[in-house]
Amino acid sequence: MFVPFLIMLREGLEAALIVSLIASYLQRTQRSEWFGAMWVGVFVAATLCLVLGYVINETTGEFPQQEQELFEGVVAVVAVCILTGMVFWMRKVSRNIKVHLEGAVDNALQRGKGGGWALVLMVFLAVAREGLESVFFLLAAFQQDVGIAPPVGAILGLATAIVLGMLIYWGGVRLNMAVFFKWTSLFILLVAAGLAASAVRAFHEAGLWNAFQGQAFDLSDVLSTSTLTGTLLEGVFGYQEAPSVSEVTVWLCYFIPALLLYCLPARPSAAAISR
């Protein structure tokens with residue numbers, strides 16, 4: 001429940017931050033007549049993501065077992081790629097996202113009569129990006145943890161993000177976004193590493209990967225997944241008490257380079273270098 005909550009809180013807050021920045025800029029520049037176009041982009045993107053997630057979730061249950069495992073592995077790989085891209089994209093643009101969005105709004109509205117559609121498309125793409133990231137992660141999370149808890153966590157995370165987005169727009173809340181995205185990014189890298197290991201396990205069960213299937217270690221006597229702590233670690237980070245060598249190798253090969261790259265100082269932008 002906690003992982004879907006945190007992912008939807010982060011993704012929802014990113015989308016809410018983008019929408020609130022655009023809305024504030026439109027109001028500040030006395031172009032509030034474009035609010036309608038902005039909300040059209042938001043609702044179309046949200047509807048598309050909901051429909052896509054529902055269709056994929058409903059149709060996957062019709063697959064035979066082997067194809068089901070293959071699909072779960074593919075979804076896990078896609079989720080890892082999306083989560084990793086999300087972390088490093090936000091790390092890159094977090095310092096100048098406001099300037100970037102304001103420039104994009106100006107460019108969209110300078111297109112004369114087609115400015116409204118350009119703004120709709122811009123907002124649609126921004127929100128759809130966050131929504132599609134959430135869809136693929138939630139598909140992977142729901143396959144690993146069945147029951148009502150993950151959907152409830154996702155809904156609570158999204159609702160919290162919407163409320164925070166409204167408060168940020170109205171000026172009632174001042175969040176330290178740099179700190180928030182920094183620590184949630186580190187957490188997401190751990191989650192992505194667990195998903196990468198689970199993808200290898202799914203491909204093995206689908207019959208596509210059979211190398212290095214020896215047991216790496218056995219922690220069942222120390223931290224069993226039947227205990228409360230083990231269950232929480234399994235649900236949050238994909239912990240396995242007796243993983244295979246390939247699962248541990250993939251986990252390490254993903255997490256260590258990703259963590260090192262994330263901890264490296266961000267490169268200054270070309271504009272900053274020229275200044």
# chains A, B, ... in the order shown; residues from 1 in each chain; ligands from 1

$ select_by_dssp --residues "range 83-209 of chain A" --states "alpha helix (DSSP H)" --output "PDB file with C-alpha atoms, in the first residue's frame"
ATOM      1  CA  LEU A  83      10.898   5.087 -12.936  1.00  0.00           C
ATOM      2  CA  THR A  84      14.597   5.568 -13.713  1.00  0.00           C
ATOM      3  CA  GLY A  85      13.844   8.099 -16.437  1.00  0.00           C
ATOM      4  CA  MET A  86      11.457   9.920 -14.106  1.00  0.00           C
ATOM      5  CA  VAL A  87      14.092  10.203 -11.369  1.00  0.00           C
ATOM      6  CA  PHE A  88      16.835  11.563 -13.623  1.00  0.00           C
ATOM      7  CA  TRP A  89      14.476  13.797 -15.625  1.00  0.00           C
ATOM      8  CA  MET A  90      13.226  15.507 -12.474  1.00  0.00           C
ATOM      9  CA  ARG A  91      16.798  15.803 -11.197  1.00  0.00           C
ATOM     10  CA  LYS A  92      17.706  17.604 -14.427  1.00  0.00           C
ATOM     11  CA  VAL A  93      14.764  19.991 -14.762  1.00  0.00           C
ATOM     12  CA  ILE A  97      11.048  23.828 -14.582  1.00  0.00           C
ATOM     13  CA  LYS A  98       9.171  27.090 -13.974  1.00  0.00           C
ATOM     14  CA  VAL A  99      11.098  28.979 -16.663  1.00  0.00           C
ATOM     15  CA  HIS A 100      10.774  26.049 -19.055  1.00  0.00           C
ATOM     16  CA  LEU A 101       6.994  25.831 -18.626  1.00  0.00           C
ATOM     17  CA  GLU A 102       6.463  29.569 -18.957  1.00  0.00           C
ATOM     18  CA  GLY A 103       8.447  29.586 -22.192  1.00  0.00           C
ATOM     19  CA  ALA A 104       6.417  26.648 -23.501  1.00  0.00           C
ATOM     20  CA  VAL A 105       3.142  28.455 -22.669  1.00  0.00           C
ATOM     21  CA  ASP A 106       4.307  31.599 -24.469  1.00  0.00           C
ATOM     22  CA  ASN A 107       5.295  29.578 -27.546  1.00  0.00           C
ATOM     23  CA  ALA A 108       1.952  27.756 -27.561  1.00  0.00           C
ATOM     24  CA  LEU A 109      -0.138  30.917 -27.290  1.00  0.00           C
ATOM     25  CA  GLY A 115      -2.927  28.745 -29.675  1.00  0.00           C
ATOM     26  CA  GLY A 116      -5.710  27.124 -27.673  1.00  0.00           C
ATOM     27  CA  TRP A 117      -5.125  23.731 -29.274  1.00  0.00           C
ATOM     28  CA  ALA A 118      -1.377  24.129 -28.849  1.00  0.00           C
ATOM     29  CA  LEU A 119      -1.892  24.783 -25.126  1.00  0.00           C
ATOM     30  CA  VAL A 120      -4.238  21.779 -24.861  1.00  0.00           C
ATOM     31  CA  LEU A 121      -1.603  19.594 -26.522  1.00  0.00           C
ATOM     32  CA  MET A 122       1.178  20.912 -24.282  1.00  0.00           C
ATOM     33  CA  VAL A 123      -0.762  20.278 -21.066  1.00  0.00           C
ATOM     34  CA  PHE A 124      -2.011  16.929 -22.395  1.00  0.00           C
ATOM     35  CA  LEU A 125       1.530  15.706 -23.083  1.00  0.00           C
ATOM     36  CA  ALA A 126       2.807  16.919 -19.702  1.00  0.00           C
ATOM     37  CA  VAL A 127       0.020  15.242 -17.714  1.00  0.00           C
ATOM     38  CA  ALA A 128      -0.098  12.129 -19.923  1.00  0.00           C
ATOM     39  CA  ARG A 129       3.602  11.578 -19.334  1.00  0.00           C
ATOM     40  CA  GLU A 130       3.091  11.446 -15.571  1.00  0.00           C
ATOM     41  CA  GLY A 131      -0.070   9.373 -15.962  1.00  0.00           C
ATOM     42  CA  LEU A 132       1.492   6.738 -18.217  1.00  0.00           C
ATOM     43  CA  GLU A 133       4.436   6.419 -15.845  1.00  0.00           C
ATOM     44  CA  SER A 134       1.949   5.751 -13.051  1.00  0.00           C
ATOM     45  CA  VAL A 135      -0.028   3.236 -15.129  1.00  0.00           C
ATOM     46  CA  PHE A 136       2.946   0.998 -15.861  1.00  0.00           C
ATOM     47  CA  PHE A 137       4.296   1.175 -12.330  1.00  0.00           C
ATOM     48  CA  LEU A 138       0.902   0.390 -10.809  1.00  0.00           C
ATOM     49  CA  LEU A 139       0.466  -2.566 -13.167  1.00  0.00           C
ATOM     50  CA  ALA A 140       3.761  -3.962 -11.892  1.00  0.00           C
ATOM     51  CA  ALA A 141       2.863  -3.197  -8.266  1.00  0.00           C
ATOM     52  CA  PHE A 142      -0.617  -4.747  -8.498  1.00  0.00           C
ATOM     53  CA  GLN A 143       0.836  -7.943  -9.975  1.00  0.00           C
ATOM     54  CA  GLN A 144       3.257  -8.289  -7.061  1.00  0.00           C
ATOM     55  CA  ALA A 149      -4.454  -2.316  -0.285  1.00  0.00           C
ATOM     56  CA  PRO A 150      -2.436  -1.247  -3.404  1.00  0.00           C
ATOM     57  CA  PRO A 151      -5.415   0.429  -5.179  1.00  0.00           C
ATOM     58  CA  VAL A 152      -6.404   2.166  -1.940  1.00  0.00           C
ATOM     59  CA  GLY A 153      -2.836   3.395  -1.471  1.00  0.00           C
ATOM     60  CA  ALA A 154      -2.719   4.679  -5.058  1.00  0.00           C
ATOM     61  CA  ILE A 155      -6.023   6.545  -4.660  1.00  0.00           C
ATOM     62  CA  LEU A 156      -4.930   8.083  -1.358  1.00  0.00           C
ATOM     63  CA  GLY A 157      -1.616   9.155  -2.879  1.00  0.00           C
ATOM     64  CA  LEU A 158      -3.333  10.775  -5.860  1.00  0.00           C
ATOM     65  CA  ALA A 159      -5.900  12.507  -3.638  1.00  0.00           C
ATOM     66  CA  THR A 160      -3.119  13.852  -1.395  1.00  0.00           C
ATOM     67  CA  ALA A 161      -1.233  15.131  -4.446  1.00  0.00           C
ATOM     68  CA  ILE A 162      -4.335  16.924  -5.759  1.00  0.00           C
ATOM     69  CA  VAL A 163      -4.945  18.604  -2.396  1.00  0.00           C
ATOM     70  CA  LEU A 164      -1.285  19.647  -2.121  1.00  0.00           C
ATOM     71  CA  GLY A 165      -1.353  20.952  -5.696  1.00  0.00           C
ATOM     72  CA  MET A 166      -4.388  23.112  -4.900  1.00  0.00           C
ATOM     73  CA  LEU A 167      -2.755  24.430  -1.730  1.00  0.00           C
ATOM     74  CA  ILE A 168       0.456  25.214  -3.608  1.00  0.00           C
ATOM     75  CA  TYR A 169      -1.524  27.137  -6.241  1.00  0.00           C
ATOM     76  CA  TRP A 170      -3.410  29.087  -3.594  1.00  0.00           C
ATOM     77  CA  MET A 177      10.473  20.449  -3.554  1.00  0.00           C
ATOM     78  CA  ALA A 178      14.216  19.851  -3.826  1.00  0.00           C
ATOM     79  CA  VAL A 179      14.281  17.859  -0.573  1.00  0.00           C
ATOM     80  CA  PHE A 180      11.023  16.042  -1.398  1.00  0.00           C
ATOM     81  CA  PHE A 181      12.180  14.899  -4.847  1.00  0.00           C
ATOM     82  CA  LYS A 182      15.683  14.038  -3.587  1.00  0.00           C
ATOM     83  CA  TRP A 183      14.565  11.551  -0.942  1.00  0.00           C
ATOM     84  CA  THR A 184      11.674  10.099  -2.910  1.00  0.00           C
ATOM     85  CA  SER A 185      14.058   9.605  -5.845  1.00  0.00           C
ATOM     86  CA  LEU A 186      16.410   7.520  -3.698  1.00  0.00           C
ATOM     87  CA  PHE A 187      13.454   5.491  -2.475  1.00  0.00           C
ATOM     88  CA  ILE A 188      12.231   4.967  -6.039  1.00  0.00           C
ATOM     89  CA  LEU A 189      15.656   3.694  -7.122  1.00  0.00           C
ATOM     90  CA  LEU A 190      15.375   1.004  -4.433  1.00  0.00           C
ATOM     91  CA  VAL A 191      11.878   0.112  -5.641  1.00  0.00           C
ATOM     92  CA  ALA A 192      13.098  -0.023  -9.253  1.00  0.00           C
ATOM     93  CA  ALA A 193      15.941  -2.360  -8.257  1.00  0.00           C
ATOM     94  CA  GLY A 194      13.410  -4.722  -6.694  1.00  0.00           C
ATOM     95  CA  LEU A 195      11.300  -4.577  -9.850  1.00  0.00           C
ATOM     96  CA  ALA A 196      14.355  -5.396 -11.974  1.00  0.00           C
ATOM     97  CA  ALA A 197      15.003  -8.494  -9.865  1.00  0.00           C
ATOM     98  CA  SER A 198      11.342  -9.502 -10.077  1.00  0.00           C
ATOM     99  CA  ALA A 199      11.501  -9.174 -13.886  1.00  0.00           C
ATOM    100  CA  VAL A 200      14.312 -11.748 -13.984  1.00  0.00           C
ATOM    101  CA  ARG A 201      12.255 -14.050 -11.754  1.00  0.00           C
ATOM    102  CA  ALA A 202       9.216 -13.656 -14.032  1.00  0.00           C
ATOM    103  CA  PHE A 203      11.274 -14.383 -17.162  1.00  0.00           C
ATOM    104  CA  HIS A 204      12.596 -17.541 -15.470  1.00  0.00           C
ATOM    105  CA  GLU A 205       9.077 -18.693 -14.651  1.00  0.00           C
TER     106      GLU A 205
END

$ atom_distance --atom1 "CA of Glu241 in chain A" --atom2 "CA of Ser224 in chain A"
5.9 Å

$ atom_distance --atom1 "CA of Val222 in chain A" --atom2 "CA of Val248 in chain A"
17.6 Å

$ closest_residue --among "A:Phe255, A:Gln110, A:Ala206, A:Pro4" --to "Gln68 in chain A" --atoms "only C-alpha atoms"
A:Ala206

$ atom_distance --atom1 "CA of Ala76 in chain A" --atom2 "CA of Ile18 in chain A"
26.9 Å

$ closest_residue --among "A:Glu72, A:Glu67, A:Glu14, A:Asp218" --to "Ser244 in chain A" --atoms "only C-alpha atoms"
A:Asp218

$ residues_around --residues "Gly36 in chain A" --least-positions-apart "2" --cutoff "12 Å" --atoms "only C-alpha atoms" --output "PyMOL selection string"
chain A and resi 23+26+31-34+38-43+116-117+119-120+123
